[in-house]
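Structure file run02.cif with mmCIF, C-alpha atoms:
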data_target
loop_
_atom_site.label_atom_id
_atom_site.label_comp_id
_atom_site.auth_asym_id
_atom_site.auth_seq_id
_atom_site.Cartn_x
_atom_site.Cartn_y
_atom_site.Cartn_z
CA MET A 1 171.81 -8.13 16.18
CA TYR A 2 169.79 -10.17 13.76
CA PRO A 3 165.97 -10.29 13.75
CA THR A 4 164.53 -12.81 16.20
CA GLU A 5 160.84 -12.95 15.38
CA LEU A 6 159.38 -16.29 16.30
CA PRO A 7 157.67 -18.50 13.75
CA ARG A 8 153.94 -18.94 14.01
CA ASN A 9 152.98 -21.74 16.46
CA PRO A 10 156.59 -22.49 17.43
CA VAL A 11 157.76 -25.84 18.75
CA PHE A 12 160.81 -25.79 21.02
CA PRO A 13 162.25 -29.31 21.18
CA HIS A 14 165.06 -28.20 23.47
CA ALA A 15 162.49 -27.54 26.21
CA ARG A 16 161.19 -31.12 26.04
CA LEU A 17 164.73 -32.51 25.86
CA LEU A 18 165.81 -30.48 28.89
CA ASP A 19 162.69 -31.62 30.72
CA ASN A 20 163.70 -35.21 29.95
CA ALA A 21 167.21 -34.57 31.29
CA HIS A 22 165.66 -33.33 34.52
CA TYR A 23 163.21 -36.22 34.68
CA PHE A 24 166.01 -38.79 34.49
CA LEU A 25 168.15 -36.81 36.92
CA LYS A 26 165.31 -36.89 39.46
CA LYS A 27 164.99 -40.66 38.95
CA ALA A 28 168.76 -41.05 39.38
CA ARG A 29 168.57 -39.24 42.73
CA LEU A 30 166.26 -41.97 44.03
CA LYS A 31 168.25 -44.62 45.81
CA ASP A 32 165.59 -47.30 45.37
CA GLU A 33 166.56 -48.23 41.79
CA ASP A 34 169.61 -48.58 39.57
CA GLN A 35 170.93 -45.05 39.04
CA TYR A 36 173.22 -45.82 36.13
CA PRO A 37 170.74 -45.83 33.20
CA ASN A 38 169.07 -42.68 34.53
CA ILE A 39 172.41 -40.89 34.92
CA MET A 40 173.35 -41.80 31.36
CA ALA A 41 169.96 -40.68 30.02
CA SER A 42 170.12 -37.37 31.89
CA ILE A 43 173.56 -36.48 30.52
CA ILE A 44 172.66 -37.54 26.98
CA PHE A 45 169.47 -35.46 27.08
CA CYS A 46 171.57 -32.46 28.20
CA ALA A 47 173.61 -32.79 25.00
CA PHE A 48 170.46 -33.18 22.93
CA ALA A 49 168.88 -30.11 24.57
CA LEU A 50 171.98 -27.97 24.05
CA GLU A 51 172.33 -28.82 20.39
CA SER A 52 168.61 -28.42 19.83
CA PHE A 53 168.77 -24.99 21.46
CA LEU A 54 171.71 -23.98 19.26
CA ASN A 55 169.70 -25.06 16.22
CA CYS A 56 166.76 -22.97 17.42
CA MET A 57 169.02 -19.98 18.05
CA GLY A 58 170.65 -20.41 14.65
CA LYS A 59 167.32 -20.54 12.86
CA LEU A 60 166.12 -17.42 14.67
CA LYS A 61 169.31 -15.46 14.19
CA LEU A 62 170.63 -16.57 10.81
CA LYS A 63 167.46 -17.75 9.06
CA LYS A 64 168.30 -19.43 5.70
CA ARG A 65 172.04 -19.05 6.26
CA TRP A 66 171.62 -21.45 9.19
CA ASP A 67 170.20 -24.12 6.89
CA GLU A 68 173.30 -23.78 4.71
CA LEU A 69 175.61 -24.01 7.72
CA GLU A 70 173.88 -27.12 9.01
CA GLN A 71 174.40 -28.84 5.67
CA SER A 72 178.14 -28.52 6.24
CA ASN A 73 177.86 -30.84 9.27
CA ILE A 74 179.21 -28.26 11.69
CA ASN A 75 179.79 -29.62 15.20
CA PRO A 76 178.12 -28.17 18.32
CA LYS A 77 181.20 -26.16 19.38
CA GLY A 78 181.39 -24.64 15.89
CA LYS A 79 177.70 -23.76 16.10
CA LEU A 80 178.23 -22.08 19.46
CA VAL A 81 181.24 -20.09 18.22
CA ILE A 82 179.40 -18.85 15.12
CA LEU A 83 176.25 -17.95 17.05
CA THR A 84 178.13 -16.04 19.74
CA LEU A 85 180.43 -13.95 17.52
CA ASP A 86 178.56 -10.78 18.50
CA PHE A 87 179.16 -11.39 22.21
CA SER A 88 182.09 -13.83 22.31
CA ASP A 89 183.71 -11.78 25.08
CA LYS A 90 180.93 -12.98 27.41
CA ILE A 91 181.52 -16.69 26.74
CA ASP A 92 184.32 -18.07 28.94
CA PHE A 93 185.12 -21.71 28.23
CA GLY A 94 187.37 -21.71 31.31
CA LYS A 95 184.47 -21.11 33.72
CA ARG A 96 181.12 -22.69 34.38
CA PRO A 97 178.73 -23.09 32.79
CA PHE A 98 180.52 -23.02 29.42
CA GLN A 99 183.57 -24.96 30.61
CA ASN A 100 181.41 -28.10 30.60
CA PHE A 101 180.06 -27.58 27.08
CA GLY A 102 182.81 -29.75 25.60
CA GLU A 103 182.51 -32.40 28.34
CA ILE A 104 178.79 -32.83 27.69
CA PHE A 105 179.38 -33.43 23.98
CA LYS A 106 182.41 -35.60 24.66
CA TYR A 107 180.16 -37.87 26.73
CA ARG A 108 177.52 -37.91 24.01
CA ASN A 109 180.12 -38.76 21.37
CA LEU A 110 181.72 -41.47 23.51
CA LEU A 111 178.35 -43.22 23.66
CA ALA A 112 177.15 -42.41 20.14
CA HIS A 113 180.38 -43.77 18.66
CA ALA A 114 181.13 -46.42 21.29
CA LYS A 115 183.54 -49.17 20.38
CA VAL A 116 184.70 -52.37 22.05
CA GLU A 117 187.49 -51.56 24.48
CA SER A 118 190.18 -53.59 26.17
CA LEU A 119 190.45 -52.71 29.82
CA LYS A 120 193.85 -52.97 31.50
CA ASN A 121 193.11 -55.68 34.00
CA ALA A 122 190.31 -58.23 33.69
CA ASN A 123 190.48 -58.94 37.44
CA THR A 124 189.72 -55.37 38.55
CA PRO A 125 186.69 -53.22 37.87
CA ASP A 126 188.35 -50.89 35.34
CA GLU A 127 185.93 -48.54 33.70
CA SER A 128 185.87 -47.03 30.26
CA GLU A 129 186.04 -43.25 29.94
CA TRP A 130 182.27 -42.87 29.51
CA GLU A 131 181.62 -45.10 32.54
CA LYS A 132 183.91 -42.89 34.66
CA LEU A 133 181.91 -39.85 33.58
CA SER A 134 178.57 -41.52 34.44
CA THR A 135 178.22 -40.18 37.99
CA ILE A 136 175.34 -38.49 39.76
CA GLU A 137 177.66 -35.54 40.44
CA ASN A 138 178.35 -35.10 36.73
CA ALA A 139 174.68 -35.51 35.84
CA GLU A 140 173.79 -32.75 38.34
CA LYS A 141 176.59 -30.47 37.13
CA TYR A 142 175.84 -30.99 33.43
CA TYR A 143 172.12 -30.46 33.91
CA ASN A 144 172.62 -27.22 35.86
CA ASP A 145 175.23 -25.98 33.40
CA THR A 146 173.01 -26.81 30.42
CA ASN A 147 170.21 -24.79 32.00
CA ASP A 148 172.59 -21.91 32.74
CA MET A 149 174.11 -21.94 29.25
CA ILE A 150 170.68 -21.72 27.65
CA ASP A 151 169.69 -18.87 30.01
CA LYS A 152 172.88 -16.96 29.25
CA LEU A 153 172.59 -17.47 25.50
CA ILE A 154 169.01 -16.19 25.57
CA GLU A 155 170.14 -13.13 27.52
CA TYR A 156 173.31 -12.38 25.51
CA ALA A 157 171.65 -12.92 22.12
CA GLU A 158 168.59 -10.93 23.21
CA LEU A 159 166.28 -13.77 22.26
CA PRO A 160 162.62 -13.84 23.32
CA LYS A 161 162.46 -15.41 26.78
CA LEU A 162 159.56 -17.52 25.55
CA ILE A 163 161.98 -19.88 23.82
CA LYS A 164 163.26 -21.09 27.19
CA GLY A 165 159.72 -22.35 27.77
CA THR A 166 159.14 -25.33 29.96
CA ILE A 167 156.82 -28.07 28.89
CA GLN A 168 154.53 -27.00 31.75
CA MET A 169 154.06 -23.65 29.98
CA PHE A 170 152.67 -25.47 26.99
CA PHE A 171 150.97 -28.51 28.48
CA GLY A 172 150.22 -27.53 32.08
CA ALA A 173 151.05 -29.14 35.39
CA GLY A 174 150.48 -32.65 34.06
CA SER A 175 153.91 -32.74 32.43
CA HIS A 176 156.49 -34.86 34.18
CA ASN A 177 158.53 -31.92 35.54
CA ASN A 178 159.42 -28.28 35.38
CA HIS A 179 163.11 -27.74 34.72
CA ALA A 180 162.90 -24.06 35.61
CA THR A 181 162.92 -24.94 39.29
CA ASN A 182 166.39 -26.57 39.09
CA SER A 183 165.30 -29.03 41.75
#
The structure in this file should be written as structure tokens.
Amino acid sequence: MYPTELPRNPVFPHARLLDNAHYFLKKARLKDEDQYPNIMASIIFCAFALESFLNCMGKLKLKKRWDELEQSNINPKGKLVILTLDFSDKIDFGKRPFQNFGEIFKYRNLLAHAKVESLKNANTPDESEWEKLSTIENAEKYYNDTNDMIDKLIEYAELPKLIKGTIQMFFGAGSHNNHATNS
């Protein structure tokens, strides 16, 4: 294993991003408003949190080599593969939570690189691929799997548990949620 000492006064953006995913998921669960924008935001923040966590893990594990790798524009799956080489036997992309890693980034990419589409029939409510993925069920699944992936990566890589930190740990009960409860 590589050294994992934390920098002085660390900032963990993935914790805030995962908190935001949970915040929008909770709003999406409310039936008194339009769920769609909150579902989309929750899923997108899951992708942001995962990639941010991988960047944190890379910086802790690979130090300056991580900076070099990032300059090569490596995609999130490539980051995950490189960072898990020491314990790749524990990562199963055929089972949850890691089976949804690709789906989460597919959704992010569909929106980040969205293009005008022609739907098959103008008289029926066809949906684009990203619209089909924008369900409360997927938002719940992706949020839970994002949380679980981060937990497993911390455990497998023997990272300090502090890096999971919720915003409440840093800012107290006034933050808008605590993702550690999975509620």
Could you work out how far CA of Ala49 in chain A lies from CA of Thr84 in chain A, giving the answer in Å with one decimal?
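These atoms are spaced 17.5 Å apart.
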Please expand the PyMOL selection byres ((chain A and resi 58) around 10) into the concrete residues it hits in this file, giving the result as a PyMOL selection string.
chain A and resi 4+52-57+59-67+69-70+79-80+82-83
At what distance in Å, to one decimal, does CA of Arg16 in chain A lie from CA of Ala41 in chain A?
13.6 Å
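Closest approach to Leu30 in chain A from the set A:Ile136, A:Cys46, A:Ala157, A:Met149 is made by A:Ile136, with distances taken over only C-alpha atoms.
Note that the spacing between CA of Tyr36 in chain A and CA of Thr135 in chain A amounts to 7.8 Å.
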Given the choices A:Leu110, A:Leu17, A:Val81, A:Leu25, which gets closest to Lys141 in chain A if the distance is worked out from all atoms listed in the file?
A:Leu25
Out of A:Asn38, A:Lys161, A:Pro13, A:Glu51, which residue has the shortest atom-to-atom distance to Ile74 in chain A when counting all atoms listed in the file?
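Using all atoms listed in the file, the shortest distance to Ile74 in chain A belongs to A:Glu51.
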N, CA and C atoms for range 23-58 of chain A, written as a PDB file, keeping the file's coordinate frame, could you do that?
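Listing of selection36.pdb after writing:
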ATOM      1  N   TYR A  23     163.989 -35.055  34.272  1.00  0.00           N
ATOM      2  CA  TYR A  23     163.210 -36.220  34.680  1.00  0.00           C
ATOM      3  C   TYR A  23     164.139 -37.386  35.064  1.00  0.00           C
ATOM      4  N   PHE A  24     165.103 -37.683  34.205  1.00  0.00           N
ATOM      5  CA  PHE A  24     166.010 -38.790  34.490  1.00  0.00           C
ATOM      6  C   PHE A  24     166.970 -38.460  35.626  1.00  0.00           C
ATOM      7  N   LEU A  25     167.323 -37.204  35.788  1.00  0.00           N
ATOM      8  CA  LEU A  25     168.150 -36.810  36.920  1.00  0.00           C
ATOM      9  C   LEU A  25     167.399 -37.039  38.232  1.00  0.00           C
ATOM     10  N   LYS A  26     166.118 -36.651  38.262  1.00  0.00           N
ATOM     11  CA  LYS A  26     165.310 -36.890  39.460  1.00  0.00           C
ATOM     12  C   LYS A  26     165.222 -38.386  39.767  1.00  0.00           C
ATOM     13  N   LYS A  27     165.044 -39.208  38.743  1.00  0.00           N
ATOM     14  CA  LYS A  27     164.990 -40.660  38.950  1.00  0.00           C
ATOM     15  C   LYS A  27     166.338 -41.187  39.445  1.00  0.00           C
ATOM     16  N   ALA A  28     167.422 -40.618  38.948  1.00  0.00           N
ATOM     17  CA  ALA A  28     168.760 -41.050  39.380  1.00  0.00           C
ATOM     18  C   ALA A  28     169.011 -40.717  40.844  1.00  0.00           C
ATOM     19  N   ARG A  29     168.399 -39.635  41.326  1.00  0.00           N
ATOM     20  CA  ARG A  29     168.570 -39.240  42.730  1.00  0.00           C
ATOM     21  C   ARG A  29     167.911 -40.229  43.688  1.00  0.00           C
ATOM     22  N   LEU A  30     166.935 -40.982  43.196  1.00  0.00           N
ATOM     23  CA  LEU A  30     166.260 -41.970  44.030  1.00  0.00           C
ATOM     24  C   LEU A  30     167.197 -43.139  44.278  1.00  0.00           C
ATOM     25  N   LYS A  31     167.326 -43.535  45.489  1.00  0.00           N
ATOM     26  CA  LYS A  31     168.250 -44.620  45.810  1.00  0.00           C
ATOM     27  C   LYS A  31     167.590 -45.994  45.710  1.00  0.00           C
ATOM     28  N   ASP A  32     166.322 -46.043  45.374  1.00  0.00           N
ATOM     29  CA  ASP A  32     165.590 -47.300  45.370  1.00  0.00           C
ATOM     30  C   ASP A  32     165.659 -48.054  44.031  1.00  0.00           C
ATOM     31  N   GLU A  33     166.425 -47.530  43.059  1.00  0.00           N
ATOM     32  CA  GLU A  33     166.560 -48.230  41.790  1.00  0.00           C
ATOM     33  C   GLU A  33     167.963 -47.999  41.244  1.00  0.00           C
ATOM     34  N   ASP A  34     168.301 -48.708  40.205  1.00  0.00           N
ATOM     35  CA  ASP A  34     169.610 -48.580  39.570  1.00  0.00           C
ATOM     36  C   ASP A  34     169.749 -47.166  38.993  1.00  0.00           C
ATOM     37  N   GLN A  35     170.731 -46.430  39.470  1.00  0.00           N
ATOM     38  CA  GLN A  35     170.930 -45.050  39.040  1.00  0.00           C
ATOM     39  C   GLN A  35     171.553 -44.945  37.650  1.00  0.00           C
ATOM     40  N   TYR A  36     172.365 -45.909  37.303  1.00  0.00           N
ATOM     41  CA  TYR A  36     173.220 -45.820  36.130  1.00  0.00           C
ATOM     42  C   TYR A  36     172.482 -45.465  34.826  1.00  0.00           C
ATOM     43  N   PRO A  37     171.428 -46.190  34.449  1.00  0.00           N
ATOM     44  CA  PRO A  37     170.740 -45.830  33.200  1.00  0.00           C
ATOM     45  C   PRO A  37     170.130 -44.426  33.240  1.00  0.00           C
ATOM     46  N   ASN A  38     169.660 -44.013  34.396  1.00  0.00           N
ATOM     47  CA  ASN A  38     169.070 -42.680  34.530  1.00  0.00           C
ATOM     48  C   ASN A  38     170.127 -41.586  34.452  1.00  0.00           C
ATOM     49  N   ILE A  39     171.297 -41.840  35.021  1.00  0.00           N
ATOM     50  CA  ILE A  39     172.410 -40.890  34.920  1.00  0.00           C
ATOM     51  C   ILE A  39     172.799 -40.720  33.455  1.00  0.00           C
ATOM     52  N   MET A  40     172.973 -41.850  32.783  1.00  0.00           N
ATOM     53  CA  MET A  40     173.350 -41.800  31.360  1.00  0.00           C
ATOM     54  C   MET A  40     172.305 -41.031  30.552  1.00  0.00           C
ATOM     55  N   ALA A  41     171.034 -41.343  30.770  1.00  0.00           N
ATOM     56  CA  ALA A  41     169.960 -40.680  30.020  1.00  0.00           C
ATOM     57  C   ALA A  41     169.952 -39.178  30.302  1.00  0.00           C
ATOM     58  N   SER A  42     170.129 -38.786  31.546  1.00  0.00           N
ATOM     59  CA  SER A  42     170.120 -37.370  31.890  1.00  0.00           C
ATOM     60  C   SER A  42     171.221 -36.620  31.156  1.00  0.00           C
ATOM     61  N   ILE A  43     172.431 -37.162  31.175  1.00  0.00           N
ATOM     62  CA  ILE A  43     173.560 -36.480  30.520  1.00  0.00           C
ATOM     63  C   ILE A  43     173.344 -36.425  29.009  1.00  0.00           C
ATOM     64  N   ILE A  44     172.894 -37.514  28.425  1.00  0.00           N
ATOM     65  CA  ILE A  44     172.660 -37.540  26.980  1.00  0.00           C
ATOM     66  C   ILE A  44     171.585 -36.518  26.595  1.00  0.00           C
ATOM     67  N   PHE A  45     170.512 -36.439  27.388  1.00  0.00           N
ATOM     68  CA  PHE A  45     169.470 -35.460  27.080  1.00  0.00           C
ATOM     69  C   PHE A  45     169.967 -34.029  27.240  1.00  0.00           C
ATOM     70  N   CYS A  46     170.961 -33.793  28.110  1.00  0.00           N
ATOM     71  CA  CYS A  46     171.570 -32.460  28.200  1.00  0.00           C
ATOM     72  C   CYS A  46     172.224 -32.100  26.871  1.00  0.00           C
ATOM     73  N   ALA A  47     172.971 -33.043  26.300  1.00  0.00           N
ATOM     74  CA  ALA A  47     173.610 -32.790  25.000  1.00  0.00           C
ATOM     75  C   ALA A  47     172.567 -32.543  23.924  1.00  0.00           C
ATOM     76  N   PHE A  48     171.519 -33.366  23.920  1.00  0.00           N
ATOM     77  CA  PHE A  48     170.460 -33.180  22.930  1.00  0.00           C
ATOM     78  C   PHE A  48     169.805 -31.805  23.084  1.00  0.00           C
ATOM     79  N   ALA A  49     169.530 -31.406  24.324  1.00  0.00           N
ATOM     80  CA  ALA A  49     168.880 -30.110  24.570  1.00  0.00           C
ATOM     81  C   ALA A  49     169.769 -28.957  24.126  1.00  0.00           C
ATOM     82  N   LEU A  50     171.060 -29.042  24.437  1.00  0.00           N
ATOM     83  CA  LEU A  50     171.980 -27.970  24.050  1.00  0.00           C
ATOM     84  C   LEU A  50     172.052 -27.822  22.533  1.00  0.00           C
ATOM     85  N   GLU A  51     172.221 -28.936  21.839  1.00  0.00           N
ATOM     86  CA  GLU A  51     172.330 -28.820  20.390  1.00  0.00           C
ATOM     87  C   GLU A  51     171.007 -28.374  19.772  1.00  0.00           C
ATOM     88  N   SER A  52     169.917 -28.848  20.309  1.00  0.00           N
ATOM     89  CA  SER A  52     168.610 -28.420  19.830  1.00  0.00           C
ATOM     90  C   SER A  52     168.432 -26.917  20.043  1.00  0.00           C
ATOM     91  N   PHE A  53     168.868 -26.424  21.208  1.00  0.00           N
ATOM     92  CA  PHE A  53     168.770 -24.990  21.460  1.00  0.00           C
ATOM     93  C   PHE A  53     169.632 -24.204  20.480  1.00  0.00           C
ATOM     94  N   LEU A  54     170.848 -24.671  20.224  1.00  0.00           N
ATOM     95  CA  LEU A  54     171.710 -23.980  19.260  1.00  0.00           C
ATOM     96  C   LEU A  54     171.056 -23.942  17.885  1.00  0.00           C
ATOM     97  N   ASN A  55     170.401 -25.030  17.502  1.00  0.00           N
ATOM     98  CA  ASN A  55     169.700 -25.060  16.220  1.00  0.00           C
ATOM     99  C   ASN A  55     168.550 -24.055  16.194  1.00  0.00           C
ATOM    100  N   CYS A  56     167.838 -23.942  17.308  1.00  0.00           N
ATOM    101  CA  CYS A  56     166.760 -22.970  17.420  1.00  0.00           C
ATOM    102  C   CYS A  56     167.322 -21.548  17.326  1.00  0.00           C
ATOM    103  N   MET A  57     168.385 -21.298  18.065  1.00  0.00           N
ATOM    104  CA  MET A  57     169.020 -19.980  18.050  1.00  0.00           C
ATOM    105  C   MET A  57     169.528 -19.647  16.655  1.00  0.00           C
ATOM    106  N   GLY A  58     170.136 -20.629  16.001  1.00  0.00           N
ATOM    107  CA  GLY A  58     170.650 -20.410  14.650  1.00  0.00           C
ATOM    108  C   GLY A  58     169.547 -20.073  13.664  1.00  0.00           C
TER     109      GLY A  58
END
